[in-house]
Amino acid sequence: MRHMRRVTQSLVLALTFLLPYLHLYATARGLGDRDALLEVPLWRFFSTLLFPLGDPEALARTLRGIPGWTFSAGPLSLSDPLLILGPRAWGIGHLMSFLLPVGLTLLVGRFFCGWVCPTGFLSEAIAGLRRWVVARGIRLPEWRIGSRWRYLLLALGAAYSVLTGISIFPWIYPPAILGREVFAAIAWSQAGIGLLFLMLLGATEFFVAPRVWCHSLCPGGALYSLISRFRFLRIRRQADQCVSCSRCVQACPFAQNPMIDQIGPDCTACGACIQSCPTQALAIALPLHKENP
């Protein structure tokens, strides 16, 4: 499971960087001399890759959006549920784009945070580097703040959207910021204030408060946690196989406690607890008891 999760996260992050180049390629083919474009190694690579599948220009234009925020591949469209809190008129097509993310969350829980979010992946990498540094004797502060702050940000952002008609979530939500900044850097050679925000957030998580955004501040994570309370499948413990070694507790990045069946809606279905269990006492299955708060 761990390797599959890493592959999924890596593909989403790679797609974040690939989409701007596909946009540039489609634009270049639409405006330029097709033969002259073959002299550019990158455009020649895209032509070689896409030509067997059909019209390269049309195919390049079918992939659009910001992975982790809004993304479309031809008729398939996916959007973060946080988008629905924005002040706009939603058509059937837009509403359909929420079905898969919401449906998967209702199935297994807060999967987006553990499997898809590109900035969550980067945050994990920063946390891993921090652990490596600390393990070598360098002491770093470890501040913690309560998770209720993210629900406050979610409520304030939704209220602001209703009152002003302007959604602030695209400007404070790291997946949207990352995709927008990467596109601006590649397509227009520009960097905005969003890049500074991401750099400051990464520095804060490394030096002061590990994974503070995912744990305590992310409004998207708050919304996924609310939906996740009704999830169909959950981490289940076989009590007769559990030896109370606490390895699952140490492995969980979101302070859940599978050893005593305390697994709340913050569970991202990352599988870290399952893989760490030496007796295979944990598995994803139907719940046999009421959800823990």
# chains A, B, ... in the order shown; residues from 1 in each chain; ligands from 1
call {"tool": "select_by_dssp", "arguments": {"residues": "segment 74-185 of chain A", "states": "strand (DSSP E or B)", "output": "list in words"}}
result
Leu76, Ser77, Leu78 and Ser79 of chain A
call {"tool": "residues_around", "arguments": {"residues": "Ala60 of chain A", "least_positions_apart": "5", "cutoff": "10 Å", "atoms": "only C-alpha atoms", "output": "list in words"}}
result
Leu19, Tyr21, Leu22, His23, Leu24, Tyr25, Ala26, Thr27, Arg29, Phe46, Ser47, Leu50, Asp55 and Ala73 of chain A
call {"tool": "closest_atom_pairs", "arguments": {"of": "segment 35-151 of chain A", "to": "segment 8-13 of chain A", "cutoff": "12 Å", "atoms": "only C-alpha atoms", "output": "tab-separated table"}}
result
residue	atom	partner	partner_atom	distance
A:Gly65	CA	A:Val12	CA	12.0
A:Ile66	CA	A:Val12	CA	9.7
A:Pro67	CA	A:Val12	CA	6.3
A:Gly68	CA	A:Val12	CA	7.7
A:Trp69	CA	A:Val12	CA	11.1
A:Phe71	CA	A:Val12	CA	10.7
A:Phe111	CA	A:Gln9	CA	11.3
A:Phe112	CA	A:Gln9	CA	9.8
A:Cys113	CA	A:Gln9	CA	9.9
A:Gly114	CA	A:Gln9	CA	8.4
A:Trp115	CA	A:Gln9	CA	5.8
A:Val116	CA	A:Gln9	CA	5.4
A:Cys117	CA	A:Gln9	CA	7.1
A:Pro118	CA	A:Leu13	CA	5.2
A:Thr119	CA	A:Leu13	CA	8.3
A:Gly120	CA	A:Gln9	CA	8.8
A:Phe121	CA	A:Gln9	CA	6.4
A:Leu122	CA	A:Leu13	CA	9.0
A:Ser123	CA	A:Gln9	CA	11.7
A:Glu124	CA	A:Gln9	CA	10.7
A:Ala125	CA	A:Gln9	CA	11.4
call {"tool": "write_last_selection", "arguments": {"atoms": "C-alpha atoms", "output": "PDB file, in the first residue's frame"}}
result
ATOM      1  CA  GLY A  65      -6.633  22.396 -14.623  1.00  0.00           C
ATOM      2  CA  ILE A  66      -4.752  22.234 -11.347  1.00  0.00           C
ATOM      3  CA  PRO A  67      -4.254  18.724  -9.909  1.00  0.00           C
ATOM      4  CA  GLY A  68      -5.620  18.640  -6.381  1.00  0.00           C
ATOM      5  CA  TRP A  69      -7.988  21.543  -7.020  1.00  0.00           C
ATOM      6  CA  PHE A  71      -8.759  18.922 -13.236  1.00  0.00           C
ATOM      7  CA  PHE A 111      -8.096   9.787   1.105  1.00  0.00           C
ATOM      8  CA  PHE A 112      -7.348  13.053  -0.745  1.00  0.00           C
ATOM      9  CA  CYS A 113      -4.996  14.245   1.995  1.00  0.00           C
ATOM     10  CA  GLY A 114      -3.115  10.938   2.144  1.00  0.00           C
ATOM     11  CA  TRP A 115      -3.106   9.893  -1.501  1.00  0.00           C
ATOM     12  CA  VAL A 116      -3.643  12.862  -3.823  1.00  0.00           C
ATOM     13  CA  CYS A 117      -2.800  16.294  -2.387  1.00  0.00           C
ATOM     14  CA  PRO A 118       0.498  17.429  -3.977  1.00  0.00           C
ATOM     15  CA  THR A 119       1.295  19.866  -1.176  1.00  0.00           C
ATOM     16  CA  GLY A 120       0.510  17.156   1.366  1.00  0.00           C
ATOM     17  CA  PHE A 121       3.129  15.028  -0.375  1.00  0.00           C
ATOM     18  CA  LEU A 122       5.661  17.856  -0.125  1.00  0.00           C
ATOM     19  CA  SER A 123       4.728  18.371   3.527  1.00  0.00           C
ATOM     20  CA  GLU A 124       5.448  14.684   4.181  1.00  0.00           C
ATOM     21  CA  ALA A 125       8.832  15.074   2.514  1.00  0.00           C
TER      22      ALA A 125
END
call {"tool": "residues_around", "arguments": {"residues": "Phe17 of chain A", "least_positions_apart": "2", "cutoff": "9 Å", "atoms": "only C-alpha atoms", "output": "list in words"}}
result
Leu13, Ala14, Leu15, Leu19, Pro20, Tyr21, Gly179, Val182, Phe183 and Ile186 of chain A
call {"tool": "write_last_selection", "arguments": {"atoms": "C-alpha atoms", "output": "short mmCIF file (atom, residue, chain, number, x, y, z; two decimals), in the first residue's frame"}}
result
data_model
loop_
_atom_site.label_atom_id
_atom_site.label_comp_id
_atom_site.auth_asym_id
_atom_site.auth_seq_id
_atom_site.Cartn_x
_atom_site.Cartn_y
_atom_site.Cartn_z
CA LEU A 13 2.84 16.08 -8.45
CA ALA A 14 4.34 15.28 -11.86
CA LEU A 15 1.04 16.19 -13.52
CA LEU A 19 0.07 20.47 -17.55
CA PRO A 20 1.70 23.89 -18.12
CA TYR A 21 4.02 22.35 -20.71
CA GLY A 179 -0.75 24.62 -9.26
CA VAL A 182 3.84 26.35 -11.13
CA PHE A 183 1.75 27.34 -14.16
CA ILE A 186 6.48 27.72 -16.51
#
call {"tool": "select_by_dssp", "arguments": {"residues": "segment 109-196 of chain A", "states": "alpha helix (DSSP H)", "output": "PyMOL selection string"}}
result
chain A and resi 111+118-135+148-164+169-172+174-188+193-196
call {"tool": "closest_residue", "arguments": {"among": "A:Gly165, A:Pro258, A:Glu142, A:Pro278", "to": "Arg88 of chain A", "atoms": "only C-alpha atoms"}}
result
A:Gly165
call {"tool": "atom_distance", "arguments": {"atom1": "atom CA of Trp171 of chain A", "atom2": "atom CA of Ser147 of chain A"}}
result
20.5 Å
call {"tool": "atom_distance", "arguments": {"atom1": "atom CA of Leu286 of chain A", "atom2": "atom CA of Ser225 of chain A"}}
result
18.1 Å
call {"tool": "residues_around", "arguments": {"residues": "Arg148 of chain A", "least_positions_apart": "6", "cutoff": "12 Å", "atoms": "only C-alpha atoms", "output": "list of chain:residue names"}}
result
A:Leu154, A:Ala155, A:Trp213, A:Cys214, A:His215, A:Ser216, A:Leu217, A:Cys218, A:Pro219, A:Gly221, A:Ala222, A:Leu223, A:Ser225, A:Leu226, A:Asp266
call {"tool": "atom_distance", "arguments": {"atom1": "atom CA of Leu200 of chain A", "atom2": "atom CA of Tyr173 of chain A"}}
result
14.0 Å
call {"tool": "residues_around", "arguments": {"residues": "Gly202 of chain A", "least_positions_apart": "2", "cutoff": "10 Å", "atoms": "only C-alpha atoms", "output": "short mmCIF file (atom, residue, chain, number, x, y, z; two decimals) with C-alpha atoms, in the first residue's frame"}}
result
data_model
loop_
_atom_site.label_atom_id
_atom_site.label_comp_id
_atom_site.auth_asym_id
_atom_site.auth_seq_id
_atom_site.Cartn_x
_atom_site.Cartn_y
_atom_site.Cartn_z
CA THR A 119 1.30 19.87 -1.18
CA LEU A 122 5.66 17.86 -0.13
CA SER A 123 4.73 18.37 3.53
CA ILE A 126 9.64 18.09 4.70
CA ALA A 127 8.57 16.14 7.79
CA LEU A 196 6.37 33.14 -0.92
CA PHE A 197 3.48 31.76 1.12
CA LEU A 198 4.41 28.17 0.26
CA MET A 199 8.08 28.79 1.08
CA LEU A 200 7.21 30.34 4.45
CA THR A 204 7.62 26.85 9.40
CA GLU A 205 6.90 23.13 9.14
CA PHE A 206 10.59 22.27 9.04
CA PHE A 207 11.88 24.51 11.79
CA VAL A 208 8.95 25.03 14.15
CA ALA A 209 5.70 23.12 13.66
CA PRO A 210 5.83 19.86 11.66
CA ARG A 211 2.86 19.40 9.30
CA VAL A 212 0.98 22.23 10.99
CA TRP A 213 -1.09 23.07 7.92
#
call {"tool": "residues_around", "arguments": {"residues": "Gln250 of chain A", "least_positions_apart": "2", "cutoff": "12 Å", "atoms": "only C-alpha atoms", "output": "list in words"}}
result
Ser244, Cys245, Ser246, Arg247, Cys248, Cys252, Pro253, Phe254, Ala255, Gln256, Asn257, Pro258, Met259, Ala272, Cys273, Ile274, Gln275, Ser276 and Cys277 of chain A
call {"tool": "write_last_selection", "arguments": {"atoms": "C-alpha atoms", "output": "compact mmCIF listing (two decimals), in the first residue's frame"}}
result
# COMPACT_ATOMS: atom_id res chain seq x y z
CA SER A 244 -0.21 -3.64 22.27
CA CYS A 245 3.23 -2.78 20.90
CA SER A 246 2.09 0.79 19.98
CA ARG A 247 3.91 0.73 16.63
CA CYS A 248 0.69 1.74 14.86
CA CYS A 252 0.25 7.41 12.35
CA PRO A 253 0.96 10.93 11.03
CA PHE A 254 -2.39 12.25 12.29
CA ALA A 255 -2.31 11.25 15.96
CA GLN A 256 -4.82 8.41 15.70
CA ASN A 257 -4.63 5.46 18.12
CA PRO A 258 -5.55 2.19 16.40
CA MET A 259 -4.19 0.24 19.38
CA ALA A 272 0.98 3.43 7.77
CA CYS A 273 -0.56 1.77 10.82
CA ILE A 274 -1.43 -1.39 8.88
CA GLN A 275 2.10 -1.73 7.53
CA SER A 276 3.69 -1.11 10.91
CA CYS A 277 1.68 -3.81 12.71
call {"tool": "closest_residue", "arguments": {"among": "A:Leu82, A:Thr16, A:Val162, A:His3", "to": "Ala185 of chain A", "atoms": "only C-alpha atoms"}}
result
A:Thr16
call {"tool": "residues_around", "arguments": {"residues": "segment 280-285 of chain A", "least_positions_apart": "5", "cutoff": "6 Å", "atoms": "only C-alpha atoms", "output": "number ranges by chain"}}
result
A: 233-238, 241-242, 274
call {"tool": "write_last_selection", "arguments": {"atoms": "C-alpha atoms", "output": "mmCIF file, in the first residue's frame"}}
result
data_model
loop_
_atom_site.group_PDB
_atom_site.id
_atom_site.type_symbol
_atom_site.label_atom_id
_atom_site.label_comp_id
_atom_site.auth_asym_id
_atom_site.auth_seq_id
_atom_site.Cartn_x
_atom_site.Cartn_y
_atom_site.Cartn_z
ATOM 1 C CA LEU A 233 -14.774 1.516 5.354
ATOM 2 C CA ARG A 234 -12.490 2.130 8.328
ATOM 3 C CA ILE A 235 -9.365 0.780 9.982
ATOM 4 C CA ARG A 236 -10.417 -2.215 12.048
ATOM 5 C CA ARG A 237 -8.381 -3.909 14.781
ATOM 6 C CA GLN A 238 -8.464 -7.636 15.540
ATOM 7 C CA GLN A 241 -4.081 -10.491 17.354
ATOM 8 C CA CYS A 242 -3.025 -7.163 18.883
ATOM 9 C CA ILE A 274 -1.427 -1.386 8.877
#
call {"tool": "decode", "arguments": {"residues": "segment 123-157 of chain A", "atoms": "N, CA and C atoms", "output": "PDB file, in the first residue's frame"}}
result
ATOM      1  N   SER A 123       4.693  18.217   2.071  1.00  0.00           N
ATOM      2  CA  SER A 123       4.728  18.371   3.527  1.00  0.00           C
ATOM      3  C   SER A 123       5.275  17.111   4.188  1.00  0.00           C
ATOM      4  N   GLU A 124       4.898  15.945   3.670  1.00  0.00           N
ATOM      5  CA  GLU A 124       5.448  14.684   4.181  1.00  0.00           C
ATOM      6  C   GLU A 124       6.953  14.627   3.967  1.00  0.00           C
ATOM      7  N   ALA A 125       7.400  15.079   2.804  1.00  0.00           N
ATOM      8  CA  ALA A 125       8.832  15.074   2.514  1.00  0.00           C
ATOM      9  C   ALA A 125       9.589  15.989   3.470  1.00  0.00           C
ATOM     10  N   ILE A 126       9.020  17.164   3.750  1.00  0.00           N
ATOM     11  CA  ILE A 126       9.640  18.088   4.699  1.00  0.00           C
ATOM     12  C   ILE A 126       9.688  17.465   6.086  1.00  0.00           C
ATOM     13  N   ALA A 127       8.604  16.796   6.487  1.00  0.00           N
ATOM     14  CA  ALA A 127       8.570  16.145   7.794  1.00  0.00           C
ATOM     15  C   ALA A 127       9.614  15.033   7.876  1.00  0.00           C
ATOM     16  N   GLY A 128       9.794  14.287   6.771  1.00  0.00           N
ATOM     17  CA  GLY A 128      10.815  13.237   6.754  1.00  0.00           C
ATOM     18  C   GLY A 128      12.216  13.804   6.883  1.00  0.00           C
ATOM     19  N   LEU A 129      12.479  14.923   6.191  1.00  0.00           N
ATOM     20  CA  LEU A 129      13.785  15.582   6.298  1.00  0.00           C
ATOM     21  C   LEU A 129      14.005  16.103   7.714  1.00  0.00           C
ATOM     22  N   ARG A 130      12.967  16.636   8.318  1.00  0.00           N
ATOM     23  CA  ARG A 130      13.071  17.128   9.692  1.00  0.00           C
ATOM     24  C   ARG A 130      13.416  15.984  10.644  1.00  0.00           C
ATOM     25  N   ARG A 131      12.753  14.833  10.491  1.00  0.00           N
ATOM     26  CA  ARG A 131      13.057  13.675  11.348  1.00  0.00           C
ATOM     27  C   ARG A 131      14.500  13.228  11.169  1.00  0.00           C
ATOM     28  N   TRP A 132      15.000  13.276   9.938  1.00  0.00           N
ATOM     29  CA  TRP A 132      16.382  12.878   9.652  1.00  0.00           C
ATOM     30  C   TRP A 132      17.350  13.813  10.374  1.00  0.00           C
ATOM     31  N   VAL A 133      17.045  15.115  10.352  1.00  0.00           N
ATOM     32  CA  VAL A 133      17.903  16.094  11.024  1.00  0.00           C
ATOM     33  C   VAL A 133      17.860  15.897  12.537  1.00  0.00           C
ATOM     34  N   VAL A 134      16.661  15.722  13.097  1.00  0.00           N
ATOM     35  CA  VAL A 134      16.511  15.536  14.540  1.00  0.00           C
ATOM     36  C   VAL A 134      17.211  14.260  14.998  1.00  0.00           C
ATOM     37  N   ALA A 135      17.141  13.206  14.178  1.00  0.00           N
ATOM     38  CA  ALA A 135      17.780  11.941  14.540  1.00  0.00           C
ATOM     39  C   ALA A 135      19.293  12.073  14.631  1.00  0.00           C
ATOM     40  N   ARG A 136      19.851  13.111  14.049  1.00  0.00           N
ATOM     41  CA  ARG A 136      21.298  13.339  14.097  1.00  0.00           C
ATOM     42  C   ARG A 136      21.689  14.350  15.164  1.00  0.00           C
ATOM     43  N   GLY A 137      20.778  14.545  16.102  1.00  0.00           N
ATOM     44  CA  GLY A 137      21.113  15.322  17.287  1.00  0.00           C
ATOM     45  C   GLY A 137      20.852  16.805  17.217  1.00  0.00           C
ATOM     46  N   ILE A 138      20.247  17.273  16.133  1.00  0.00           N
ATOM     47  CA  ILE A 138      19.932  18.693  16.021  1.00  0.00           C
ATOM     48  C   ILE A 138      18.532  18.925  16.593  1.00  0.00           C
ATOM     49  N   ARG A 139      18.449  19.696  17.647  1.00  0.00           N
ATOM     50  CA  ARG A 139      17.176  19.924  18.308  1.00  0.00           C
ATOM     51  C   ARG A 139      16.392  21.024  17.611  1.00  0.00           C
ATOM     52  N   LEU A 140      15.117  20.746  17.334  1.00  0.00           N
ATOM     53  CA  LEU A 140      14.226  21.720  16.719  1.00  0.00           C
ATOM     54  C   LEU A 140      12.953  21.811  17.550  1.00  0.00           C
ATOM     55  N   PRO A 141      12.391  23.012  17.687  1.00  0.00           N
ATOM     56  CA  PRO A 141      11.135  23.136  18.433  1.00  0.00           C
ATOM     57  C   PRO A 141      10.005  22.398  17.726  1.00  0.00           C
ATOM     58  N   GLU A 142       9.027  21.972  18.469  1.00  0.00           N
ATOM     59  CA  GLU A 142       7.899  21.242  17.904  1.00  0.00           C
ATOM     60  C   GLU A 142       6.605  21.805  18.491  1.00  0.00           C
ATOM     61  N   TRP A 143       6.117  22.849  17.876  1.00  0.00           N
ATOM     62  CA  TRP A 143       4.887  23.483  18.339  1.00  0.00           C
ATOM     63  C   TRP A 143       3.684  22.731  17.800  1.00  0.00           C
ATOM     64  N   ARG A 144       2.652  22.665  18.607  1.00  0.00           N
ATOM     65  CA  ARG A 144       1.393  22.045  18.199  1.00  0.00           C
ATOM     66  C   ARG A 144       0.249  22.998  18.500  1.00  0.00           C
ATOM     67  N   ILE A 145      -0.708  23.106  17.583  1.00  0.00           N
ATOM     68  CA  ILE A 145      -1.918  23.865  17.838  1.00  0.00           C
ATOM     69  C   ILE A 145      -3.111  22.969  17.545  1.00  0.00           C
ATOM     70  N   GLY A 146      -4.236  23.293  18.112  1.00  0.00           N
ATOM     71  CA  GLY A 146      -5.408  22.444  17.994  1.00  0.00           C
ATOM     72  C   GLY A 146      -5.958  22.373  16.574  1.00  0.00           C
ATOM     73  N   SER A 147      -6.606  21.263  16.253  1.00  0.00           N
ATOM     74  CA  SER A 147      -7.175  21.060  14.919  1.00  0.00           C
ATOM     75  C   SER A 147      -8.451  21.865  14.691  1.00  0.00           C
ATOM     76  N   ARG A 148      -9.007  22.441  15.739  1.00  0.00           N
ATOM     77  CA  ARG A 148     -10.240  23.205  15.572  1.00  0.00           C
ATOM     78  C   ARG A 148     -10.034  24.477  14.761  1.00  0.00           C
ATOM     79  N   TRP A 149      -8.798  24.941  14.660  1.00  0.00           N
ATOM     80  CA  TRP A 149      -8.532  26.149  13.872  1.00  0.00           C
ATOM     81  C   TRP A 149      -8.922  25.951  12.410  1.00  0.00           C
ATOM     82  N   ARG A 150      -8.743  24.763  11.881  1.00  0.00           N
ATOM     83  CA  ARG A 150      -9.067  24.546  10.465  1.00  0.00           C
ATOM     84  C   ARG A 150     -10.577  24.647  10.227  1.00  0.00           C
ATOM     85  N   TYR A 151     -11.383  24.221  11.203  1.00  0.00           N
ATOM     86  CA  TYR A 151     -12.833  24.351  11.077  1.00  0.00           C
ATOM     87  C   TYR A 151     -13.247  25.819  11.144  1.00  0.00           C
ATOM     88  N   LEU A 152     -12.521  26.597  11.949  1.00  0.00           N
ATOM     89  CA  LEU A 152     -12.789  28.028  12.007  1.00  0.00           C
ATOM     90  C   LEU A 152     -12.467  28.677  10.668  1.00  0.00           C
ATOM     91  N   LEU A 153     -11.329  28.316  10.056  1.00  0.00           N
ATOM     92  CA  LEU A 153     -10.969  28.863   8.747  1.00  0.00           C
ATOM     93  C   LEU A 153     -11.980  28.455   7.684  1.00  0.00           C
ATOM     94  N   LEU A 154     -12.453  27.215   7.764  1.00  0.00           N
ATOM     95  CA  LEU A 154     -13.472  26.746   6.813  1.00  0.00           C
ATOM     96  C   LEU A 154     -14.753  27.561   6.961  1.00  0.00           C
ATOM     97  N   ALA A 155     -15.203  27.774   8.187  1.00  0.00           N
ATOM     98  CA  ALA A 155     -16.435  28.522   8.426  1.00  0.00           C
ATOM     99  C   ALA A 155     -16.283  29.984   8.016  1.00  0.00           C
ATOM    100  N   LEU A 156     -15.149  30.601   8.371  1.00  0.00           N
ATOM    101  CA  LEU A 156     -14.924  32.001   8.008  1.00  0.00           C
ATOM    102  C   LEU A 156     -14.824  32.174   6.499  1.00  0.00           C
ATOM    103  N   GLY A 157     -14.145  31.232   5.832  1.00  0.00           N
ATOM    104  CA  GLY A 157     -14.022  31.318   4.381  1.00  0.00           C
ATOM    105  C   GLY A 157     -15.366  31.173   3.687  1.00  0.00           C
TER     106      GLY A 157
END
